[in-house]
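Source file: start_38.cif; contents: mmCIF, C-alpha atoms and all ligand atoms.
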```cif
data_work
#
loop_
_atom_site.label_atom_id
_atom_site.label_comp_id
_atom_site.auth_asym_id
_atom_site.auth_seq_id
_atom_site.Cartn_x
_atom_site.Cartn_y
_atom_site.Cartn_z
CA MET A 1 24.99 -9.84 47.87
CA VAL A 2 22.27 -7.31 46.99
CA LYS A 3 21.83 -4.51 49.47
CA VAL A 4 18.33 -3.05 49.62
CA ALA A 5 18.03 0.39 51.20
CA THR A 6 14.91 0.54 53.34
CA ARG A 7 15.04 4.22 54.15
CA GLY A 8 15.56 7.22 51.96
CA LYS A 9 15.03 5.21 48.78
CA THR A 10 15.25 7.20 45.57
CA ALA A 11 12.45 6.96 43.00
CA ALA A 12 14.88 5.35 40.56
CA ALA A 13 15.87 2.69 43.09
CA THR A 14 12.20 1.92 43.78
CA ARG A 15 11.48 1.65 40.07
CA SER A 16 14.43 -0.64 39.49
CA GLN A 17 13.39 -2.91 42.39
CA LYS A 18 9.85 -3.04 41.02
CA SER A 19 11.11 -3.96 37.59
CA THR A 20 13.43 -6.63 39.04
CA ALA A 21 10.48 -8.05 40.97
CA THR A 22 8.41 -8.09 37.79
CA GLU A 23 11.19 -9.86 35.89
CA ILE A 24 11.49 -12.48 38.67
CA PHE A 25 7.71 -12.95 38.62
CA ILE A 26 7.60 -13.40 34.86
CA THR A 27 10.62 -15.72 34.86
CA LEU A 28 8.91 -17.89 37.50
CA ARG A 29 5.70 -18.00 35.45
CA ILE A 30 7.71 -18.93 32.36
CA VAL A 31 9.62 -21.69 34.18
CA MET A 32 6.35 -23.06 35.57
CA ASN A 33 4.70 -22.93 32.13
CA ALA A 34 7.76 -24.19 30.23
CA LYS A 35 6.88 -26.77 27.63
CA SER A 36 9.32 -28.99 25.83
CA THR A 37 7.93 -29.35 22.39
CA LYS A 38 9.44 -30.19 19.05
CA ASN A 39 7.09 -27.83 17.24
CA PRO A 40 6.71 -24.74 19.44
CA LEU A 41 3.54 -22.71 19.25
CA ILE A 42 4.45 -19.12 18.39
CA LEU A 43 2.12 -16.11 18.35
CA GLY A 44 3.44 -13.40 16.01
CA ILE A 45 2.42 -9.74 16.36
CA GLU A 46 3.16 -7.17 13.63
CA SER A 47 2.37 -3.44 13.88
CA SER A 48 5.34 -1.66 12.28
CA CYS A 49 3.46 0.44 9.72
CA ASP A 50 -0.20 0.43 8.70
CA ASP A 51 -1.19 -3.23 8.98
CA THR A 52 -2.17 -4.75 12.32
CA SER A 53 -1.55 -8.47 12.14
CA ALA A 54 -1.38 -11.53 14.37
CA ALA A 55 -0.56 -15.12 13.41
CA VAL A 56 0.01 -18.48 15.03
CA LEU A 57 2.58 -21.05 13.88
CA ARG A 58 3.03 -24.61 15.17
CA GLY A 59 6.65 -25.15 14.23
CA ARG A 60 6.75 -23.84 10.67
CA ARG A 61 3.13 -24.77 9.98
CA LEU A 62 0.78 -21.79 9.72
CA LEU A 63 -2.38 -22.12 11.83
CA SER A 64 -3.73 -18.58 11.35
CA ASN A 65 -2.73 -15.20 9.92
CA VAL A 66 -5.13 -12.31 10.50
CA ILE A 67 -4.44 -8.89 8.96
CA ALA A 68 -6.39 -5.65 9.48
CA SER A 69 -5.28 -3.20 6.80
CA GLN A 70 -5.91 0.42 7.67
CA GLN A 71 -8.02 2.24 5.09
CA VAL A 72 -7.82 5.57 6.92
CA HIS A 73 -4.63 6.59 5.03
CA VAL A 74 -6.02 6.20 1.50
CA LYS A 75 -7.63 9.65 1.41
CA TYR A 76 -4.32 11.28 2.44
CA GLY A 77 -2.23 9.50 -0.21
CA GLY A 78 0.22 8.09 2.36
CA VAL A 79 0.53 6.73 5.90
CA ILE A 80 -0.22 9.30 8.64
CA PRO A 81 1.76 8.01 11.66
CA GLU A 82 -0.61 9.31 14.36
CA LEU A 83 -3.65 7.81 12.62
CA ALA A 84 -1.76 4.53 12.15
CA SER A 85 -1.00 4.14 15.85
CA ARG A 86 -4.59 4.95 16.82
CA ALA A 87 -5.89 2.37 14.36
CA HIS A 88 -3.44 -0.22 15.76
CA GLN A 89 -4.84 0.45 19.23
CA GLN A 90 -8.34 -0.23 17.96
CA ASN A 91 -7.36 -3.33 15.99
CA ILE A 92 -4.84 -5.14 18.16
CA VAL A 93 -7.22 -6.86 20.59
CA PRO A 94 -9.69 -8.19 18.00
CA VAL A 95 -6.88 -9.18 15.61
CA VAL A 96 -4.91 -11.18 18.21
CA ASP A 97 -8.13 -12.71 19.49
CA ALA A 98 -9.17 -13.74 15.97
CA ALA A 99 -5.74 -15.27 15.24
CA LEU A 100 -5.85 -17.39 18.42
CA ARG A 101 -9.44 -18.45 17.82
CA GLU A 102 -8.80 -19.36 14.19
CA ALA A 103 -5.79 -21.41 15.28
CA GLY A 104 -7.85 -23.05 18.05
CA ILE A 105 -5.13 -22.14 20.56
CA GLY A 106 -5.45 -20.71 24.08
CA MET A 107 -2.93 -18.21 25.44
CA GLY A 108 -1.73 -20.76 28.00
CA GLU A 109 -0.63 -23.16 25.24
CA LEU A 110 1.79 -20.73 23.59
CA ASP A 111 5.55 -21.28 23.83
CA ALA A 112 6.48 -17.74 22.81
CA ILE A 113 5.18 -14.37 21.67
CA ALA A 114 7.20 -12.92 18.77
CA PHE A 115 6.79 -9.20 18.13
CA THR A 116 8.20 -6.70 15.65
CA ARG A 117 10.65 -4.49 17.50
CA GLY A 118 11.56 -2.44 14.40
CA PRO A 119 12.22 -0.88 12.01
CA GLY A 120 9.01 1.06 11.53
CA LEU A 121 6.95 3.97 12.82
CA LEU A 122 7.50 4.57 16.53
CA GLY A 123 3.83 5.04 17.49
CA SER A 124 2.83 1.94 15.51
CA LEU A 125 5.61 -0.24 16.92
CA LEU A 126 4.77 0.89 20.46
CA VAL A 127 1.29 -0.61 20.24
CA GLY A 128 2.50 -4.08 19.23
CA VAL A 129 5.49 -4.09 21.59
CA SER A 130 3.40 -2.97 24.60
CA PHE A 131 0.64 -5.44 23.82
CA ALA A 132 3.12 -8.31 23.48
CA LYS A 133 4.65 -7.39 26.84
CA GLY A 134 1.24 -7.24 28.50
CA LEU A 135 0.32 -10.70 27.18
CA SER A 136 3.69 -12.09 28.26
CA LEU A 137 3.30 -10.70 31.76
CA ALA A 138 -0.29 -11.83 32.17
CA HIS A 139 0.19 -15.37 30.84
CA GLY A 140 3.84 -16.10 31.63
CA VAL A 141 4.81 -16.64 28.00
CA PRO A 142 8.38 -15.77 26.88
CA LEU A 143 8.93 -12.85 24.52
CA VAL A 144 11.05 -12.93 21.37
CA GLU A 145 11.81 -9.74 19.42
CA VAL A 146 11.99 -9.77 15.65
CA ASN A 147 13.57 -7.49 13.05
CA HIS A 148 10.75 -6.78 10.58
CA LEU A 149 13.09 -7.06 7.58
CA GLU A 150 14.41 -10.44 8.68
CA GLY A 151 10.76 -11.42 9.05
CA HIS A 152 10.15 -10.62 5.36
CA ILE A 153 13.12 -12.81 4.40
CA LEU A 154 12.13 -15.70 6.67
CA SER A 155 8.59 -15.70 5.25
CA HIS A 156 10.10 -18.23 2.84
CA PHE A 157 10.05 -20.84 5.61
CA ILE A 158 6.33 -20.60 6.47
CA GLU A 159 4.59 -23.85 5.59
CA THR A 160 0.97 -23.95 4.58
CA SER A 161 0.71 -27.21 2.61
CA GLY A 162 3.92 -28.83 3.80
CA ASP A 163 5.31 -29.42 0.30
CA GLU A 164 6.83 -25.96 -0.14
CA ASP A 165 10.34 -25.63 -1.53
CA HIS A 166 12.55 -23.45 0.72
CA PRO A 167 15.79 -21.73 -0.29
CA ASP A 168 19.00 -23.52 0.75
CA PHE A 169 21.63 -21.56 2.68
CA PRO A 170 23.42 -19.46 1.73
CA PHE A 171 21.00 -17.57 -0.50
CA LEU A 172 20.66 -14.02 -1.74
CA CYS A 173 17.44 -12.22 -0.96
CA LEU A 174 16.23 -9.19 -2.87
CA LEU A 175 14.30 -7.46 -0.09
CA VAL A 176 12.06 -4.81 -1.60
CA SER A 177 9.41 -3.07 0.46
CA GLY A 178 7.90 0.37 0.95
CA GLY A 179 10.81 1.51 3.11
CA HIS A 180 13.73 -0.70 2.06
CA SER A 181 15.53 -2.05 -1.00
CA GLN A 182 18.34 -4.36 -0.06
CA ILE A 183 20.34 -7.32 -1.27
CA VAL A 184 20.89 -9.58 1.71
CA LEU A 185 23.26 -12.53 1.92
CA VAL A 186 21.43 -15.03 4.13
CA ARG A 187 23.89 -17.55 5.60
CA SER A 188 21.38 -18.92 8.10
CA PRO A 189 18.10 -17.72 9.68
CA LEU A 190 20.16 -15.90 12.31
CA ASP A 191 23.11 -14.82 10.19
CA MET A 192 22.30 -12.24 7.54
CA GLU A 193 24.46 -9.57 5.92
CA ILE A 194 23.15 -6.59 3.97
CA ILE A 195 25.50 -6.31 1.00
CA GLY A 196 23.58 -3.59 -0.86
CA THR A 197 20.96 -1.05 0.09
CA THR A 198 19.26 2.02 -1.31
CA ILE A 199 20.99 5.31 -0.67
CA ASP A 200 17.73 7.28 -1.04
CA ASP A 201 14.23 6.07 -1.97
CA ALA A 202 13.15 2.44 -1.76
CA ALA A 203 11.69 0.63 -4.79
CA GLY A 204 8.24 0.64 -3.17
CA GLU A 205 8.56 4.36 -2.52
CA ALA A 206 9.44 4.90 -6.20
CA PHE A 207 6.29 3.00 -7.22
CA ASP A 208 4.14 4.91 -4.72
CA LYS A 209 5.52 8.39 -5.46
CA CYS A 210 5.26 7.95 -9.24
CA ALA A 211 1.72 6.60 -8.81
CA LYS A 212 0.88 9.76 -6.88
CA ILE A 213 2.23 11.88 -9.76
CA LEU A 214 -0.25 10.01 -11.99
CA GLY A 215 -3.08 10.65 -9.52
CA LEU A 216 -3.43 6.94 -8.59
CA PRO A 217 -4.56 5.91 -5.07
CA TYR A 218 -2.17 4.95 -2.26
CA PRO A 219 -0.39 2.56 -2.14
CA GLY A 220 0.35 2.97 -5.83
CA GLY A 221 2.51 -0.12 -6.46
CA PRO A 222 -0.36 -2.55 -7.09
CA HIS A 223 -2.13 0.03 -9.35
CA ILE A 224 1.00 0.54 -11.47
CA ASP A 225 1.37 -3.26 -11.69
CA ARG A 226 -2.21 -3.72 -12.90
CA LEU A 227 -2.09 -0.85 -15.43
CA ALA A 228 1.38 -1.90 -16.69
CA GLN A 229 -0.03 -5.20 -17.89
CA GLY A 230 -1.84 -3.40 -20.72
CA GLY A 231 1.04 -1.10 -21.68
CA ASN A 232 4.22 -0.96 -23.78
CA SER A 233 7.21 -1.10 -21.43
CA HIS A 234 9.49 0.48 -24.07
CA ALA A 235 7.25 3.48 -24.81
CA PHE A 236 9.34 5.71 -22.48
CA ASP A 237 12.90 5.57 -21.21
CA PHE A 238 13.36 6.80 -17.65
CA ALA A 239 16.72 7.39 -15.97
CA GLN A 240 18.18 4.35 -14.24
CA PRO A 241 20.87 5.73 -11.93
CA ARG A 242 23.67 3.30 -11.04
CA VAL A 243 25.51 3.97 -7.78
CA GLY A 244 28.54 2.13 -6.40
CA GLY A 245 28.81 -1.47 -5.21
CA PHE A 246 25.55 -3.35 -4.84
CA ASP A 247 23.70 -0.23 -3.64
CA TYR A 248 20.58 1.23 -5.20
CA SER A 249 19.28 4.74 -5.89
CA PHE A 250 15.74 5.49 -7.04
CA SER A 251 15.38 9.23 -6.55
CA GLY A 252 16.78 10.06 -10.04
CA LEU A 253 14.26 7.73 -11.65
CA LYS A 254 11.44 9.39 -9.73
CA THR A 255 12.61 12.87 -10.85
CA SER A 256 12.96 11.70 -14.45
CA PHE A 257 9.39 10.34 -14.28
CA LEU A 258 8.10 13.58 -12.70
CA TYR A 259 9.69 15.79 -15.40
CA THR A 260 8.40 13.57 -18.22
CA VAL A 261 4.82 13.63 -16.91
CA ARG A 262 4.95 17.35 -16.01
CA ASP A 263 5.69 18.22 -19.65
CA MET A 264 2.69 16.24 -20.93
CA SER A 265 -0.89 17.50 -21.24
CA PRO A 266 -3.41 15.79 -18.89
CA GLY A 267 -5.13 14.27 -21.94
CA PHE A 268 -1.87 12.77 -23.20
CA VAL A 269 -1.12 11.29 -19.76
CA ALA A 270 -4.59 9.76 -19.62
CA ASP A 271 -4.18 8.27 -23.11
CA HIS A 272 -0.72 6.84 -22.26
CA LEU A 273 -1.33 5.77 -18.66
CA ALA A 274 -0.64 2.08 -19.30
CA ASP A 275 2.55 2.85 -21.28
CA LEU A 276 3.82 5.16 -18.52
CA CYS A 277 3.18 2.48 -15.88
CA ALA A 278 4.75 -0.30 -17.95
CA SER A 279 7.85 1.82 -18.72
CA LEU A 280 8.24 2.87 -15.09
CA GLN A 281 7.89 -0.73 -13.93
CA ARG A 282 10.52 -1.86 -16.45
CA ALA A 283 12.94 0.81 -15.20
CA ILE A 284 12.47 -0.23 -11.56
CA VAL A 285 12.74 -3.94 -12.34
CA GLU A 286 15.84 -3.48 -14.54
CA THR A 287 17.51 -1.40 -11.82
CA LEU A 288 16.78 -4.08 -9.19
CA LEU A 289 17.94 -6.94 -11.40
CA TYR A 290 21.17 -5.26 -12.56
CA LYS A 291 22.69 -5.25 -9.06
CA LEU A 292 21.21 -8.59 -8.07
CA ILE A 293 22.81 -10.26 -11.10
CA ARG A 294 26.19 -8.69 -10.26
CA ALA A 295 25.92 -9.77 -6.62
CA ALA A 296 24.99 -13.35 -7.55
CA LYS A 297 27.95 -13.52 -9.97
CA GLU A 298 30.50 -11.99 -7.62
CA LEU A 299 29.46 -14.06 -4.63
CA GLY A 300 28.88 -17.23 -6.64
CA VAL A 301 25.40 -17.74 -5.20
CA SER A 302 22.64 -19.23 -7.32
CA GLU A 303 19.89 -19.61 -4.69
CA ILE A 304 17.92 -16.39 -5.19
CA ALA A 305 14.86 -15.26 -3.25
CA ALA A 306 12.70 -12.14 -3.23
CA ALA A 307 10.71 -10.73 -0.32
CA GLY A 308 8.75 -7.63 0.75
CA GLY A 309 5.73 -5.84 -0.70
CA VAL A 310 7.33 -5.11 -4.09
CA SER A 311 8.05 -8.83 -4.58
CA ALA A 312 4.30 -9.04 -5.35
CA ASN A 313 4.99 -7.12 -8.56
CA SER A 314 4.24 -9.28 -11.58
CA GLY A 315 6.95 -7.64 -13.74
CA LEU A 316 9.59 -8.32 -11.07
CA ARG A 317 8.40 -11.90 -10.52
CA ASP A 318 8.46 -12.64 -14.28
CA ALA A 319 11.91 -11.04 -14.66
CA LEU A 320 13.34 -13.07 -11.76
CA VAL A 321 11.99 -16.31 -13.22
CA ALA A 322 13.33 -15.44 -16.70
CA GLU A 323 16.73 -14.38 -15.37
CA GLY A 324 16.86 -17.50 -13.23
CA ALA A 325 16.23 -19.74 -16.24
CA ARG A 326 18.98 -17.91 -18.17
CA ARG A 327 21.55 -18.09 -15.37
CA GLY A 328 20.81 -21.41 -13.71
CA TRP A 329 19.48 -19.81 -10.52
CA ARG A 330 16.95 -21.47 -8.28
CA VAL A 331 14.41 -18.69 -7.75
CA TYR A 332 12.09 -18.48 -4.75
CA LEU A 333 9.10 -16.13 -4.83
CA PRO A 334 6.94 -15.83 -1.72
CA PRO A 335 3.20 -16.56 -2.06
CA LEU A 336 1.47 -13.21 -2.69
CA ARG A 337 -0.15 -13.12 0.75
CA PHE A 338 3.27 -13.24 2.44
CA THR A 339 4.80 -10.44 0.34
CA THR A 340 3.21 -7.47 2.12
CA ASP A 341 3.29 -7.00 5.90
CA ASN A 342 1.92 -9.93 7.91
CA ALA A 343 2.49 -11.52 11.30
CA ALA A 344 3.10 -15.02 9.93
CA MET A 345 6.58 -13.91 8.88
CA ILE A 346 7.16 -12.40 12.34
CA ALA A 347 6.16 -15.69 13.95
CA ALA A 348 8.51 -17.54 11.55
CA ALA A 349 11.46 -15.30 12.44
CA GLY A 350 10.47 -15.62 16.10
CA LEU A 351 10.49 -19.41 15.80
CA PHE A 352 14.13 -19.49 14.64
CA ALA A 353 15.17 -17.07 17.40
CA PHE A 354 13.20 -19.02 20.01
CA GLU A 355 14.79 -22.32 18.95
CA ALA A 356 18.22 -20.69 19.23
CA GLY A 357 17.41 -19.75 22.83
CA ARG A 358 16.96 -16.03 22.26
CA ARG A 359 14.54 -14.27 24.62
CA SER A 360 13.58 -10.64 25.15
CA THR A 361 12.79 -8.93 28.42
CA LEU A 362 10.21 -6.36 29.43
CA ASP A 363 12.92 -3.73 28.86
CA ALA A 364 12.71 -4.18 25.07
CA VAL A 365 11.83 -0.89 23.40
CA PRO A 366 10.78 -0.28 19.80
CA VAL A 367 13.43 0.97 17.40
CA THR A 368 12.50 2.96 14.30
CA ARG A 369 15.76 2.07 12.56
CA LEU A 370 17.91 -1.00 13.01
CA ALA A 371 21.60 -1.25 12.27
CA LYS A 372 21.07 -4.51 10.38
O1 LIG B 401 6.53 -4.87 2.71
P1 LIG B 401 5.43 -3.88 2.67
O2 LIG B 401 4.01 -4.38 2.83
O3 LIG B 401 5.61 -2.76 3.74
C1 LIG B 401 6.84 -2.28 4.17
O4 LIG B 401 7.48 -2.98 5.01
O5 LIG B 401 7.22 -1.21 3.65
O6 LIG B 401 5.57 -3.12 1.28
C2 LIG B 401 4.69 -2.12 0.88
C3 LIG B 401 5.12 -1.64 -0.50
C4 LIG B 401 4.35 -0.42 -0.99
O7 LIG B 401 5.29 0.51 -1.47
C5 LIG B 401 3.50 -0.98 -2.13
O8 LIG B 401 3.21 -0.05 -3.14
C6 LIG B 401 4.40 -2.08 -2.65
O9 LIG B 401 4.92 -2.68 -1.47
N1 LIG B 401 3.67 -3.07 -3.45
C7 LIG B 401 3.86 -3.23 -4.77
C8 LIG B 401 2.94 -4.23 -5.17
N2 LIG B 401 2.25 -4.66 -4.08
C9 LIG B 401 2.71 -3.93 -3.02
N3 LIG B 401 4.67 -2.61 -5.63
C10 LIG B 401 4.63 -2.99 -6.91
N4 LIG B 401 3.78 -3.93 -7.37
C11 LIG B 401 2.94 -4.58 -6.56
N5 LIG B 401 2.12 -5.53 -7.04
ZN ZN B 402 7.33 -4.75 5.53
#
```

Translate the structure described by the file into structure tokens.
Ligand code: KG4
Ligand code: ZN
Amino acid sequence: MVKVATRGKTAAATRSQKSTATEIFITLRIVMNAKSTKNPLILGIESSCDDTSAAVLRGRRLLSNVIASQQVHVKYGGVIPELASRAHQQNIVPVVDAALREAGIGMGELDAIAFTRGPGLLGSLLVGVSFAKGLSLAHGVPLVEVNHLEGHILSHFIETSGDEDHPDFPFLCLLVSGGHSQIVLVRSPLDMEIIGTTIDDAAGEAFDKCAKILGLPYPGGPHIDRLAQGGNSHAFDFAQPRVGGFDYSFSGLKTSFLYTVRDMSPGFVADHLADLCASLQRAIVETLLYKLIRAAKELGVSEIAAAGGVSANSGLRDALVAEGARRGWRVYLPPLRFTTDNAAMIAAAGLFAFEAGRRSTLDAVPVTRLAK
């Protein structure tokens, strides 16, 4: 039996009763609105870094995916967390509204709201998490939290035409983004194990920091990719540190690049820009592939996928296809629009969690780092 003190209540007790009442209210709304559908309608909300995005999926089929990329950071050469969270606050309402309108879906029709709980920047995550909670409360729609990195991996299951080829389980995913470089063994959508990770910089960070050394705009990865296409990838040899197990390290490569460029005259750098980019890209791609090949061999897995912003890199995509042909892998590359941050992947991860019966409560708080 629950005893409720009517006199001398503490502030904490009052708060906890209010939050229990809110939970009961929301649960009632959810039960009343509950729909039994084979293809649930999921709204995804992503705000972990500098892209505000919302998407709607019906089952795995994508109905809309709206992304507002923040330009405010370009002049600073990197993401400024405070500016990012302010821009999310400005963007979130119009972006969610546009995603629902484009999908032709009303809030009341949704089966769940999937949101990125982390990892990411705290102020950025807070905007998406709070907005998702507000929508859930107002419309009685269940909440499902998503790990941003799992979202990148599960972007492989988004369907746009319906004839996409998805990886079979178990598969290995090379997850390469601005903040992470991991090899993940994916046994099922809800059972993933990180078997290798970077011990310092991520691959995307290596691209971005080296691009900055060359005076290229942020984010530098796509600029290096474009310039590399006209360069000689064997013009320079940069250090490719190899650390233990399936882990990665990119800080030595970055330092080796910095020292090489520092000792060149500005004119020489300008004349050899394409060669520098192509050689850097080769070093990053070779480093990534070396461990991936070892992991695939040791684990006996030949279903290989790539995900995350760096999986847009043409050198990496070509190398994965070539390596796959040599080794009998089946290689899965995400469509370019699902490589960088987007809410479609959050909705996809949310769909699997929703179907498995997972739900989040209004107590969910953003987490900047996640254990897995
Ligand atoms: O996954 P993402 O959008 O954000 C994070 O979750 O971090 O990845 C962003 C990263 C940036 O470092 C960006 O430079 C890199 O992906 N990137 C690329 C390319 N497109 C984006 N790096 C190399 N080549 C590209 N074409
Ligand atoms: Zn990301």

For this session: Do a neighbour search on A:Gln70 at 10 Å with all atoms listed in the file, toss out local chain neighbours closer than 2 positions, and write the hits as a PyMOL selection string.
Result: chain A and resi 49-52+67-68+72-74+79+83-84+87-88+91

Go ahead and dump the residues you just picked, C-alpha atoms, as a PDB file, in the coordinates of the input.
```
ATOM      1  CA  CYS A  49       3.460   0.440   9.720  1.00  0.00           C
ATOM      2  CA  ASP A  50      -0.200   0.430   8.700  1.00  0.00           C
ATOM      3  CA  ASP A  51      -1.190  -3.230   8.980  1.00  0.00           C
ATOM      4  CA  THR A  52      -2.170  -4.750  12.320  1.00  0.00           C
ATOM      5  CA  ILE A  67      -4.440  -8.890   8.960  1.00  0.00           C
ATOM      6  CA  ALA A  68      -6.390  -5.650   9.480  1.00  0.00           C
ATOM      7  CA  VAL A  72      -7.820   5.570   6.920  1.00  0.00           C
ATOM      8  CA  HIS A  73      -4.630   6.590   5.030  1.00  0.00           C
ATOM      9  CA  VAL A  74      -6.020   6.200   1.500  1.00  0.00           C
ATOM     10  CA  VAL A  79       0.530   6.730   5.900  1.00  0.00           C
ATOM     11  CA  LEU A  83      -3.650   7.810  12.620  1.00  0.00           C
ATOM     12  CA  ALA A  84      -1.760   4.530  12.150  1.00  0.00           C
ATOM     13  CA  ALA A  87      -5.890   2.370  14.360  1.00  0.00           C
ATOM     14  CA  HIS A  88      -3.440  -0.220  15.760  1.00  0.00           C
ATOM     15  CA  ASN A  91      -7.360  -3.330  15.990  1.00  0.00           C
TER      16      ASN A  91
END
```

Exercise. List as JSON, numbers by chain: which residues have an atom within 7 Å of (17.3, 7.9, -7.2), counting all atoms listed in the file?
Worked result: {"A": [200, 201, 241, 249, 250, 251, 252, 253, 254]}

For this session: Go through the chains and note each residue within 7 Å of ligand ZN 402 (chain B), using only C-alpha atoms and all ligand atoms, then give the set as a ChimeraX atom specification.
Result: /A:148-149,152,177-178,308-309,340-341

Exercise. A:Glu303: which residues within 7 Å, counting all atoms listed in the file, same-chain residues fewer than 2 positions away excluded, as a ChimeraX atom specification?
Worked result: /A:167-168,171-172,301,305,329-331

Can you write just those residues out, C-alpha atoms, as a PDB file, in the coordinates of the input?
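Printed below is out.pdb as written:
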```
ATOM      1  CA  PRO A 167      15.790 -21.730  -0.290  1.00  0.00           C
ATOM      2  CA  ASP A 168      19.000 -23.520   0.750  1.00  0.00           C
ATOM      3  CA  PHE A 171      21.000 -17.570  -0.500  1.00  0.00           C
ATOM      4  CA  LEU A 172      20.660 -14.020  -1.740  1.00  0.00           C
ATOM      5  CA  VAL A 301      25.400 -17.740  -5.200  1.00  0.00           C
ATOM      6  CA  ALA A 305      14.860 -15.260  -3.250  1.00  0.00           C
ATOM      7  CA  TRP A 329      19.480 -19.810 -10.520  1.00  0.00           C
ATOM      8  CA  ARG A 330      16.950 -21.470  -8.280  1.00  0.00           C
ATOM      9  CA  VAL A 331      14.410 -18.690  -7.750  1.00  0.00           C
TER      10      VAL A 331
END
```

For this session: Produce as JSON, numbers by chain the set of residues near ligand LIG 401 (chain B), where near means within 8 Å with only C-alpha atoms and all ligand atoms considered.
Result: {"A": [48, 49, 120, 148, 149, 152, 176, 177, 178, 179, 180, 203, 204, 205, 206, 207, 208, 218, 219, 220, 221, 222, 223, 224, 225, 226, 307, 308, 309, 310, 311, 312, 313, 314, 339, 340, 341, 342]}

Limited to C-alpha atoms, could you put the picked residues into a file as a compact mmCIF listing (two decimals), keeping the file's coordinate frame?
```
# COMPACT_ATOMS: atom_id res chain seq x y z
CA SER A 48 5.34 -1.66 12.28
CA CYS A 49 3.46 0.44 9.72
CA GLY A 120 9.01 1.06 11.53
CA HIS A 148 10.75 -6.78 10.58
CA LEU A 149 13.09 -7.06 7.58
CA HIS A 152 10.15 -10.62 5.36
CA VAL A 176 12.06 -4.81 -1.60
CA SER A 177 9.41 -3.07 0.46
CA GLY A 178 7.90 0.37 0.95
CA GLY A 179 10.81 1.51 3.11
CA HIS A 180 13.73 -0.70 2.06
CA ALA A 203 11.69 0.63 -4.79
CA GLY A 204 8.24 0.64 -3.17
CA GLU A 205 8.56 4.36 -2.52
CA ALA A 206 9.44 4.90 -6.20
CA PHE A 207 6.29 3.00 -7.22
CA ASP A 208 4.14 4.91 -4.72
CA TYR A 218 -2.17 4.95 -2.26
CA PRO A 219 -0.39 2.56 -2.14
CA GLY A 220 0.35 2.97 -5.83
CA GLY A 221 2.51 -0.12 -6.46
CA PRO A 222 -0.36 -2.55 -7.09
CA HIS A 223 -2.13 0.03 -9.35
CA ILE A 224 1.00 0.54 -11.47
CA ASP A 225 1.37 -3.26 -11.69
CA ARG A 226 -2.21 -3.72 -12.90
CA ALA A 307 10.71 -10.73 -0.32
CA GLY A 308 8.75 -7.63 0.75
CA GLY A 309 5.73 -5.84 -0.70
CA VAL A 310 7.33 -5.11 -4.09
CA SER A 311 8.05 -8.83 -4.58
CA ALA A 312 4.30 -9.04 -5.35
CA ASN A 313 4.99 -7.12 -8.56
CA SER A 314 4.24 -9.28 -11.58
CA THR A 339 4.80 -10.44 0.34
CA THR A 340 3.21 -7.47 2.12
CA ASP A 341 3.29 -7.00 5.90
CA ASN A 342 1.92 -9.93 7.91
```

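Counting only C-alpha atoms, the residue from A:Leu126, A:Leu41, A:Ala364, A:Val146 that sits nearest to A:Ala343 is A:Val146.
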
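In this model, the gap between atom CA of A:Lys212 and atom CA of A:Gly78 comes to 9.4 Å.
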
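Here atom CA of A:Leu185 stands at a distance of 9.7 Å from atom CA of A:Ile304.
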
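Of note, atom CA of A:Ser265 and atom CA of A:Val285 are spaced 26.9 Å apart.
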
Exercise. Which neighbours of A:Gly231 fall inside 8 Å, counting only C-alpha atoms, when residues of the same chain fewer than 4 positions from it are skipped, and could you give them as a list in words?
Worked result: Leu227, Leu273, Ala274, Asp275, Leu276, Cys277, Ala278 and Ser279 of chain A

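Within the 9 Å cut-off around A:Thr361, using only C-alpha atoms and omitting residues fewer than 4 positions from it on the same chain, the listed residues are Glu23, Lys133, Pro142, Leu143 and Val144 of chain A.
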
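Comparing A:Asp247, A:Glu46, A:Asp318, A:Asp363 by their smallest distance to A:Gly196, the closest is A:Asp247 (using only C-alpha atoms).
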
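Residues in contact range of A:Ser256, defined as at most 10 Å between all atoms listed in the file, with sequence neighbours fewer than 4 positions away removed, read A:Asp237, A:Phe238, A:Ala239, A:Gln240, A:Ser251, A:Gly252, A:Thr260, A:Val261, A:Arg262.
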
Keeping C-alpha atoms for every residue in the selection just given, could you write it to a file as a PDB file, keeping the file's coordinate frame?
```pdb
ATOM      1  CA  ASP A 237      12.900   5.570 -21.210  1.00  0.00           C
ATOM      2  CA  PHE A 238      13.360   6.800 -17.650  1.00  0.00           C
ATOM      3  CA  ALA A 239      16.720   7.390 -15.970  1.00  0.00           C
ATOM      4  CA  GLN A 240      18.180   4.350 -14.240  1.00  0.00           C
ATOM      5  CA  SER A 251      15.380   9.230  -6.550  1.00  0.00           C
ATOM      6  CA  GLY A 252      16.780  10.060 -10.040  1.00  0.00           C
ATOM      7  CA  THR A 260       8.400  13.570 -18.220  1.00  0.00           C
ATOM      8  CA  VAL A 261       4.820  13.630 -16.910  1.00  0.00           C
ATOM      9  CA  ARG A 262       4.950  17.350 -16.010  1.00  0.00           C
TER      10      ARG A 262
END
```

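With distances taken over all atoms listed in the file, A:Gly128 is the one residue among A:Pro335, A:Gly77, A:Gly128, A:Gly140 lying closest to A:Ala54.
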
Exercise. Which one is closest to A:Tyr248: A:Leu135, A:Ala296, A:Ile199, A:Cys210? Count all atoms listed in the file.
Worked result: A:Ile199

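Counting all atoms listed in the file, the residue from A:Ile92, A:Ser188, A:Ala235, A:Thr368 that sits nearest to A:Ala353 is A:Ser188.
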